[in-house]
Number of protein chains: 2
Amino acid sequence: MSTKYVYLFSEGNAKMRDLLGGKGANLAEMTGLGMPVPQGFTVTTEACTRYYDDGKKIDSAIEAEIFKNVLALEEISGKKFGDNENPMLLAVRSGARASMPGMMDTVLNLGLNDIAVEGLAKRTSNPRFAYDSYRRFIQMFADVVMEVPKSSFEKIIDEMKEEKGIKEDVEFTADCLKEMVVKFKAYFKEQKGFDFPQDPNVQLIEAITAVFRSWDNPRANYYRMMHGIPYSWGTAVNVQIMVFGNTGNKSGSGVAFSRNPATGEKKIYGEYLLNAQGEDVVAGIRTPDPMENLKTTMPEVYNQFVANATKLEQHYKDMQDMEFTIEDGKLFMLQTRNGKRTAAAALRVAVELVEEGMIDKKQAVLMLDPSQLDTLLHPQFDEAALKAAKPIGQGLAASPGAASGRVVFSADDAVEWTGRGETVILTRMETSPEDIAGMDCAAGILTARGGMTSHAAVVARGWGRCCVAGCGDIVLNEEGKFFTLGGKTIKEGDYISINGSTGYVYDESIPTVEAEIGGHFSTIMGWADEFRQLEIRTNADTPEDAATAISFGAKGIGLTRTEHMFFEADRIMPMREMILSTSLEQRKAALDKLLPMQRGDFEGIYEAMQGYPVTIRFLDPPLHEFLPQNDSDIKKLAEEMGITFDQIKNVIDSLHEFNPMMGFRGCRLAVRYPEIAEMQTRAVIEAAINVQGKHPEWNIVPEIMIPLPGEAKEFKFVKDIVVATADKIIKEKGSSLKYMVGTMMEIPRACLTADEVAKEAEFFSFGTNDLTQMTFGFSRDDAGNFLNTYYENKIYETDPFQRLDQTGVGKLVEMAVKLGKEARPELKLGVCGEHGGDPSSIEFFHKVGLAYVSCSPFRVPIARLAAAQSAIRNPR
Amino acid sequence: MSTKYVYLFSEGNAKMRDLLGGKGANLAEMTGLGMPVPQGFTVTTEACTRYYDDGKKIDSAIEAEIFKNVLALEEISGKKFGDNENPMLLAVRSGARASMPGMMDTVLNLGLNDIAVEGLAKRTSNPRFAYDSYRRFIQMFADVVMEVPKSSFEKIIDEMKEEKGIKEDVEFTADCLKEMVVKFKAYFKEQKGFDFPQDPNVQLIEAITAVFRSWDNPRANYYRMMHGIPYSWGTAVNVQIMVFGNTGNKSGSGVAFSRNPATGEKKIYGEYLLNAQGEDVVAGIRTPDPMENLKTTMPEVYNQFVANATKLEQHYKDMQDMEFTIEDGKLFMLQTRNGKRTAAAALRVAVELVEEGMIDKKQAVLMLDPSQLDTLLHPQFDEAALKAAKPIGQGLAASPGAASGRVVFSADDAVEWTGRGETVILTRMETSPEDIAGMDCAAGILTARGGMTSHAAVVARGWGRCCVAGCGDIVLNEEGKFFTLGGKTIKEGDYISINGSTGYVYDESIPTVEAEIGGHFSTIMGWADEFRQLEIRTNADTPEDAATAISFGAKGIGLTRTEHMFFEADRIMPMREMILSTSLEQRKAALDKLLPMQRGDFEGIYEAMQGYPVTIRFLDPPLHEFLPQNDSDIKKLAEEMGITFDQIKNVIDSLHEFNPMMGFRGCRLAVRYPEIAEMQTRAVIEAAINVQGKHPEWNIVPEIMIPLPGEAKEFKFVKDIVVATADKIIKEKGSSLKYMVGTMMEIPRACLTADEVAKEAEFFSFGTNDLTQMTFGFSRDDAGNFLNTYYENKIYETDPFQRLDQTGVGKLVEMAVKLGKEARPELKLGVCGEHGGDPSSIEFFHKVGLAYVSCSPFRVPIARLAAAQSAIRNPR
């Protein structure tokens with residue numbers, strides 16, 4: 001049997017969404033429910049795929065199938081395509097599997113030509129309406145299908161207004177519009193070199209082709225990339241008999257929700273316009289009336305609509321977003337779909353639907369978009385104010401939230417200005433550990449360089465602070481205290497606003513709205529916790545981060561980066577002494593200075609975590625990151641340490657690396673300098689013993705994580721140091737402390753040989769940031785030079801650093817899980833890369849059987865919800 | 001049954017090499033053959049492994065087993081351990097599975113103590129001999145077992161000589177030696193705090209322990225690393241009844257080969273010393289006599305030895321290296337093993353053994369060490385002269401061979417000096433494409449920086465030119481034209497010598513011997529070609545390289561790096577123009593200039609390859625490598641191109657990368673700039689059509705290789721450009737040329753998704769250099785900072801860049817082969833990383849079913865031989 005590419009609405013239903021698209025499937029479903037839907041047919045998404053496979057051509061067999069269905073519509077409607085008595089007019093609209101509002105094209109009034117327009121005039125006895133429809137059709141068809149811009153036609157209209165002394169469109173008479181049609185057609189021929197197509201079948205195929213084509217337009221591609229919609233899905237095309245909301249004052253069009261999409265309140269919410277087509281409601285030329293008014297104006301129609309809305313909500317078990325048209329007093333339903341809503345509304349709707357008995361808790365959990373919770377946890381711009389603002393540039397959306405304030409260009413200035421009560425945005429070329437204090441008091445951070453893993457980005461995400469990083473178009477003069485961006489020059493003290501969720505930068509102050517977490521949030525989180533099987537931990541380096549994460553529901557730390565502690569002002573000196581040591585004794589002496597500080601840090605974290613598990617990763621970054629970069633800083637350090645400039649310079653030179661990411665870092669440091677691992681082990685174990693002593697009710701079991709091994713023997717080498725040191729201390733102190741030694745899986749070879757590694761390691765925590773970089777063979781910091789081209793060409797459809805690449809990197813993770821569990825059935829498995837906070841990745845981690853995911857504190861609620869959804873969708 | 005840890009010689013045989021070690025197995029085999037072997041037993045390699053597993057302790061059960069076998073030896077010999085009438089003395093020697101000459105320890109005369117020395121004196125009626133044996137034993141035992149250095153005892157001897165007015169050791173009387181023993185024992189006690197052990201059983205266990213311990217000494221570890229011998233093998237210990245070559249002039253010791261190890265000539269070759277122990281022959285204090293003399297001196301013994309040698313050679317079917325001792329006119333065989341030999345001798349012996357009917361061709365091929373062929377292909381130092389020379393430093397053995405000449409410090413100087421007939425060694429901080437001409441005329445290249453993949457190393461290997469790279473201890477002053485190394489200052493014009501096979505640098509001229517390939521070489525290569533199943537290709541960028549490789553037997557090019565062509569003086573300018581272009585038009589104009597040059601290059605290569613297949617890799621390195629690095633060069637370029645300094649500087653800045661290896665390179669360039677791939681396709685296809693036209697008898701099928709994809713769609717994107725361009729040209733020219741488009745597999749993700757890639761790619765060529773780096777997560781250039789520590793700690797036992805890591809990287813290769821063949825059964829598979837020239841890696845590639853390996857021209861013979869051995873050992 002050959003594939004069926006065209007379905008009448010009466011042949012489909014809501015389950016056929018993949019094939020018919022969302023709009024088409026719902027039109028079919030409403031038809032089945034007996035709703036008043038103008039009939040039509042859907043050309044399937046498979047026809048779209050065929051169109052691209054066939055080299056952007058609609059196959060003649062599919063064309064024939066379309067024409068057959070046109071005949072069917074003629075029969076249903078009793079009208080005829082292109083008829084001079086009772087012409088059938090069609091609307092052609094796109095409809096993909098996932099909603100992509102405004103991304104693709106629509107053509108209305110299709111079927112009008114020089115003959116049919118007379119037929120329409122006759123049938124409606126309204127020549128003005130007929131010719132107005134015709135001129136609108138020419139304009140729309142030319143613009144959407146033939147690439148003759150709408151604006152050129154608007155110019156003709158303006159000329160005619162002037163000529164006729166007319167101000168508003170409505171003043172045009174039927175004859176004027178007839179004249180306008182002649183002018184439009186002439187202009188079209190002048191532009192295209194051929195006549196405006198008169199054959200309705202030709203018009204229809206061209207319009208369908210245009211919709212297919214629009215699937216590949218830049219804004220659709222961008223939208224898909226942003227929302228993770230695969231290119232391969234294609235779009236369906238809905239061809240529907242036209243109904244007219246613009247035939248007079250007993251007609252109209254509107255859009256309404258079954259509940260309030262901003263608040264979730266259960267009450268019809270929407271607006272309509274009398275004597276208007278649907279497009280006019282959206283266009284905003286006339287101000288629509290709120291739905292309440294319809295109750296008075298056309299109570300029967302209103303009641304019928306409310307009944308439909310209720311029926312649809314109960315049918316779909318979700319808040320509906322509906323379009324309708326009233327033609328001469330008769331209500332038509334043009335579309336229904338689950339309505340988009342704010343995060344607050346989403347929570348309220350979900351909870352209330354459960355209370356109303358319409359859905360159960362699982363369904364409530366499933367209907368929420370975890371990513372949307374972000375907006376509840378960070379300040380946002382006031383929506384109305386944001387609409388009026390225009391960005392002057394865009395960087396990377398490095399840490400979500402919104403911030404407004406006065407620009408400062410150094411950490412010291414940030415501290416000083418906030419000290420006198422100013423709100424500041426710290427703007428730097430890139431940040432470094434020296435800037436921490438300034439970053440901490442800034443409302444937001446903006447950097448010209450650096451990627452999603454730059455210092456600014458990582459620190460800001462940990463704090464939940466708003467950050468836009470790597471805004472490459474900025475020309476920054478830090479010393480001169482100004483920057484230029486988008487043609488604007490911003491000086492110290494000027495107001496700017498940044499949006500860390502979009503990356504936009506604005507040269508004005510935009511009011512922000514504080515984050516607010518209501519009761520519905522807790523209700524939903526409680527339900528999520530009932531269902532999820534993944535534990536949720538957090539990545540936290542300080543007691544403050546840990547406390548934040550606990551308040552968001554984290555039940556442990558999956559990653560404490562010990563090096564961040566060494567960047568702090570009082571530690572960086574002994575750290576540098578350690579690196580600059582020329583003998584074991586010197587190095588040990590420097591480490592001895594670091595020991596009490598590090599032990600103190602760990603005590604703070606254990607206190608904050610109240611007995612929940614804590615995974616501590618040993619020193620990871622290349623040593624040169626701790627050394628000063630420029631000559632004046634080196635000079636200063638040399639004086640402080642009492643050694644020569646050249647001595648320091650030589651060490652810095654010897655530590656220089658061509659590819660630091662693939663250099664002397666991770667456990668390679670501990671293999672070369674075991675005394676570092678000894679000191680860190682001592683700090684962890686002593687801290688655990690101390691805090692355990694104070695809180696006998698807790699059961700502290702330190703989890704020591706060795707980073708970056710590629711080989712089991714390498715892991716074992718460091719583990720042996722840890723175990724020897726730890727056991728000695730535990731024995732000396734007469735403690736009964738238990739501890740675990742595990743590893744961060746972030747090198748492909750470790751995954752490939754995970755059976756060997758698991759013989760030694762008690763847990764694996766997948767470091768999917770580095771694993772992604774090594775598996776793809778590109779560094780996140782350098783990929784900017786080419787990744788955009790890859791997205792444009794659909795080579796990659798999502799950012800593999802945001803969403804785990806399940807095909808490649810995921811294969812390594814699965815392999816490591818399988819090999820690891822075979823070698824050690826009780827192996828504890830988790831993930832601490834940024835993917836631990838990404839819903840689609842969390843679903844993958846659930847499926848491969850990890851025990852926990854760890855993410856930054858502000859993503860903990862998202863992870864809780866995503867984990868619950870994963871568990872419901874994929875029972876283990 | 002409990003494990004047996006000790007075997008009498010009469011209990012073993014040659015097949016038990018893994019358990020008994022090479023020496024032990026052969027002693028057992030000779031015993032079985034009825035040869036006159038002093039009897040003894042072997043403590044197995046498994047006992048050594050147990051020793052380390054048990055925390056460096058010999059288990060008491062194993063000790064008991066040893067003592068049981070001592071009793072057996074007493075029975076065999078009729079002597080008694082520590083006896084005052086007829087004491088049994090033992091020799092304790094190491095013997096690993098693979099020969100590790102001089103790497104581990106030996107103790108002779110064990111069993112002597114204050115009592116037994118008297119027994120020995122009585123039995124031999126030679127107190128002088130007895131006390132000389134005792135003092136030698138104390139010295140050796142103290143040094144080897146107790147870590148009291150031999151030299152301290154030599155000092156005592158010297159003092160006694162002075163005291164007694166004696167010049168030579170032989171002048172010491174028995175009484176003198178007795179006195180010496182007293183002094184030695186006193187010194188021992190002073191050093192160690194306890195008496196010299198008198199109990200022979202204690203002596204024996206201590207000596208065996210010392211041998212086990214010596215398995216882990218630094219020089220053994222280093223030797224193993226150099227020769228790829230696993231640490232886990234352990235060593236066996238041979239305990240053998242002493243026979244004495246030093247009891248008078250009817251006694252002696254010697255070492256002889258069954259054939260000449262330097263030339264392969266079939267004639268007993270060796271030397272002996274009368275009245276001497278084996279160690280004396282090697283020590284070089286007295287000059288040994290050639291074996292011919294023994295024929296005259298002791299004809300019966302000589303004839304008996306020749307008969308033994310012949311019998312052993314026929315038994316082992318290989319040239320033998322034998323140690324023997326004559327005790328009072330009786331011949332004892334102390335060791336036999338397959339003799340080490342020069343490459344020339346190895347070839348001759350193998351060919352002649354076949355001619356003699358002793359072995360067949362397969363066995364002949366198997367008995368050669370492929371790596372050894374290298375010395376036949378490159379000049380070597382004269383051996384005698386080399387022995388006298390002392391290196392002043394060591395760098396990386398970057399390209400094999402030896403060279404002597406006068407130092408110059410710039411490429412221009414190299415050209416000028418060679419122009420006036422001098423032989424020069426070009427010494428640079430690191431080389432760059434600008435140095436090519438100077439490198440070409442230098443006899444050898446020495447660099448202070450850069451690794452095995454640095455410009456100097458890669459270029460030199462391609463040319464077969466000697467190169468020592470990355471000699472980090474050099475303090476180089478290029479402008480001042482001198483360097484210091486090992487405390488010596490070398491100025492322009494001074495003679496130095498470098499050995500690219502060992503990395504050593506000498507501050508003198510050492511004569512070199514030219515490479516010479518004789519008839520036996522061709523015979524063996526012919527046999528190898530009969531057996532091998534892998535095709536052998538070469539990595540070649542120029543017609544000259546290609547011609548060299550063909551002369552060595554390559555049957556195709558597996559890798560032509562197109563970028564090397566762009567570094568040449570006349571191409572670098574248009575290349576830079578291309579990179580600095582700000583528009584597509586500009587870039588295309590620059591590429592148009594490059595097209596004819598590149599086409600000409602390819603024509604040259606096709607001509608040189610005479611119809612053999614050629615794989616051409618498209619542009620691979622990061623673009624910044626083509627741009628000047630320092631300000632003065634940038635200024636010059638700006639003037640030449642008529643643009644500003646800042647314009648160039650900005651492009652260089654924008655191309656700067658944190659991790660260039662993981663940056664904007666490989667096919668990422670072609671995805672971003674498809675016009676580069678278009679130009680390269682045009683050059684390849686047009687060149688092929690042109691050369692095919694001139695040589696209708698050839699069948700040229702270009703193989704275009706896309707580097708560095710990580711995803712099938714990425715490969716397809718570039719392939720589509722290639723195919724569109726190629727098909728257009730072929731059609732235009734009315735040609736019937738066929739071509740292939742394949743890929744270099746060098747990113748882990750490509751291997752993980754090889755099924756997808758193979759749907760598009762017609763061949764895979766594994767780029768195991770990059771694949772190793774990405775899989776291990778370290779870059780070859782940066783790993784120097786820690787890899788030595790890894791070798792020292794046995795985390796890695798061989799260099800994964802020299803020998804393919806079969807466990808990790810190999811798993812990816814296997815996976816890719818399997819997935820690839822499933823998706824495309826006719827998929828052509830090869831390797832073009834440096835591992836393609838490494839014998840053990842070649843065996844792996846044979847086993848996983850590749851079609852070919854590609855290596856540098858000078859490794860082609862090695863690859864042919866290794867491939868033959870692989871095929872014989874692993875029939876497909």
# chains A, B, ... in the order shown; residues from 1 in each chain; ligands from 1
call {"tool": "interface_residues", "arguments": {"of": "chain B", "to": "chain A", "cutoff": "7 Å", "atoms": "only C-alpha atoms", "output": "number ranges by chain"}}
result
B: 657-664, 668, 672, 710, 713-714, 747-749, 752-753, 774-779, 781-783, 785-786, 789, 795, 808
call {"tool": "select_by_dssp", "arguments": {"residues": "region 619-760 of chain A", "states": "strand (DSSP E or B)", "output": "list in words"}}
result
Glu703, Ile704, Met705, Ile706, Met740, Val741, Gly742, Thr743, Met744 and Met745 of chain A
call {"tool": "write_last_selection", "arguments": {"atoms": "N, CA and C atoms", "output": "short mmCIF file (atom, residue, chain, number, x, y, z; two decimals), in the first residue's frame"}}
result
data_model
loop_
_atom_site.label_atom_id
_atom_site.label_comp_id
_atom_site.auth_asym_id
_atom_site.auth_seq_id
_atom_site.Cartn_x
_atom_site.Cartn_y
_atom_site.Cartn_z
N GLU A 703 33.10 11.19 50.72
CA GLU A 703 33.31 10.59 49.41
C GLU A 703 34.41 11.38 48.71
N ILE A 704 35.55 10.75 48.59
CA ILE A 704 36.70 11.43 47.98
C ILE A 704 36.74 11.08 46.50
N MET A 705 36.76 12.11 45.68
CA MET A 705 36.67 11.88 44.24
C MET A 705 37.97 12.29 43.54
N ILE A 706 38.57 11.32 42.85
CA ILE A 706 39.82 11.55 42.12
C ILE A 706 39.46 11.96 40.69
N MET A 740 34.64 6.75 51.37
CA MET A 740 34.66 6.10 50.05
C MET A 740 35.65 6.83 49.15
N VAL A 741 36.27 6.07 48.25
CA VAL A 741 37.13 6.70 47.24
C VAL A 741 36.60 6.30 45.87
N GLY A 742 36.27 7.30 45.09
CA GLY A 742 35.71 7.04 43.77
C GLY A 742 36.33 7.97 42.76
N THR A 743 35.75 7.98 41.59
CA THR A 743 36.39 8.76 40.54
C THR A 743 35.41 9.52 39.69
N MET A 744 35.93 10.54 39.07
CA MET A 744 35.15 11.33 38.13
C MET A 744 35.44 10.73 36.76
N MET A 745 34.41 10.30 36.08
CA MET A 745 34.58 9.69 34.76
C MET A 745 34.44 10.80 33.72
#
call {"tool": "residues_around", "arguments": {"residues": "Thr235 (chain A)", "least_positions_apart": "2", "cutoff": "10 Å", "atoms": "only C-alpha atoms", "output": "list in words"}}
result
Asp18, Leu19, Leu20, Gly21, Gly22, Val43, Thr44, Thr45, Glu46, Ala47, Cys48, Thr49, Ser94, Gly95, Ala96, Arg97, Ala98, Met104, Val211, Phe212, Arg213, Ser214, Trp215, Asp216, Tyr231, Ser232, Trp233, Val237 and Asn238 of chain A
call {"tool": "residues_around", "arguments": {"residues": "Pro574 (chain A)", "least_positions_apart": "2", "cutoff": "12 Å", "atoms": "only C-alpha atoms", "output": "PyMOL selection string"}}
result
chain A and resi 565-572+576-581+586-598+626-627+637+640-641
call {"tool": "residues_around", "arguments": {"residues": "region 826-840 of chain B", "least_positions_apart": "2", "cutoff": "9 Å", "atoms": "only C-alpha atoms", "output": "PyMOL selection string"}}
result
chain B and resi 369-371+535-539+558-559+742+744-745+758+761-771+801-804+817+820-821+823-824+842-845+849-856+859-860+862-863+865-867+869-870
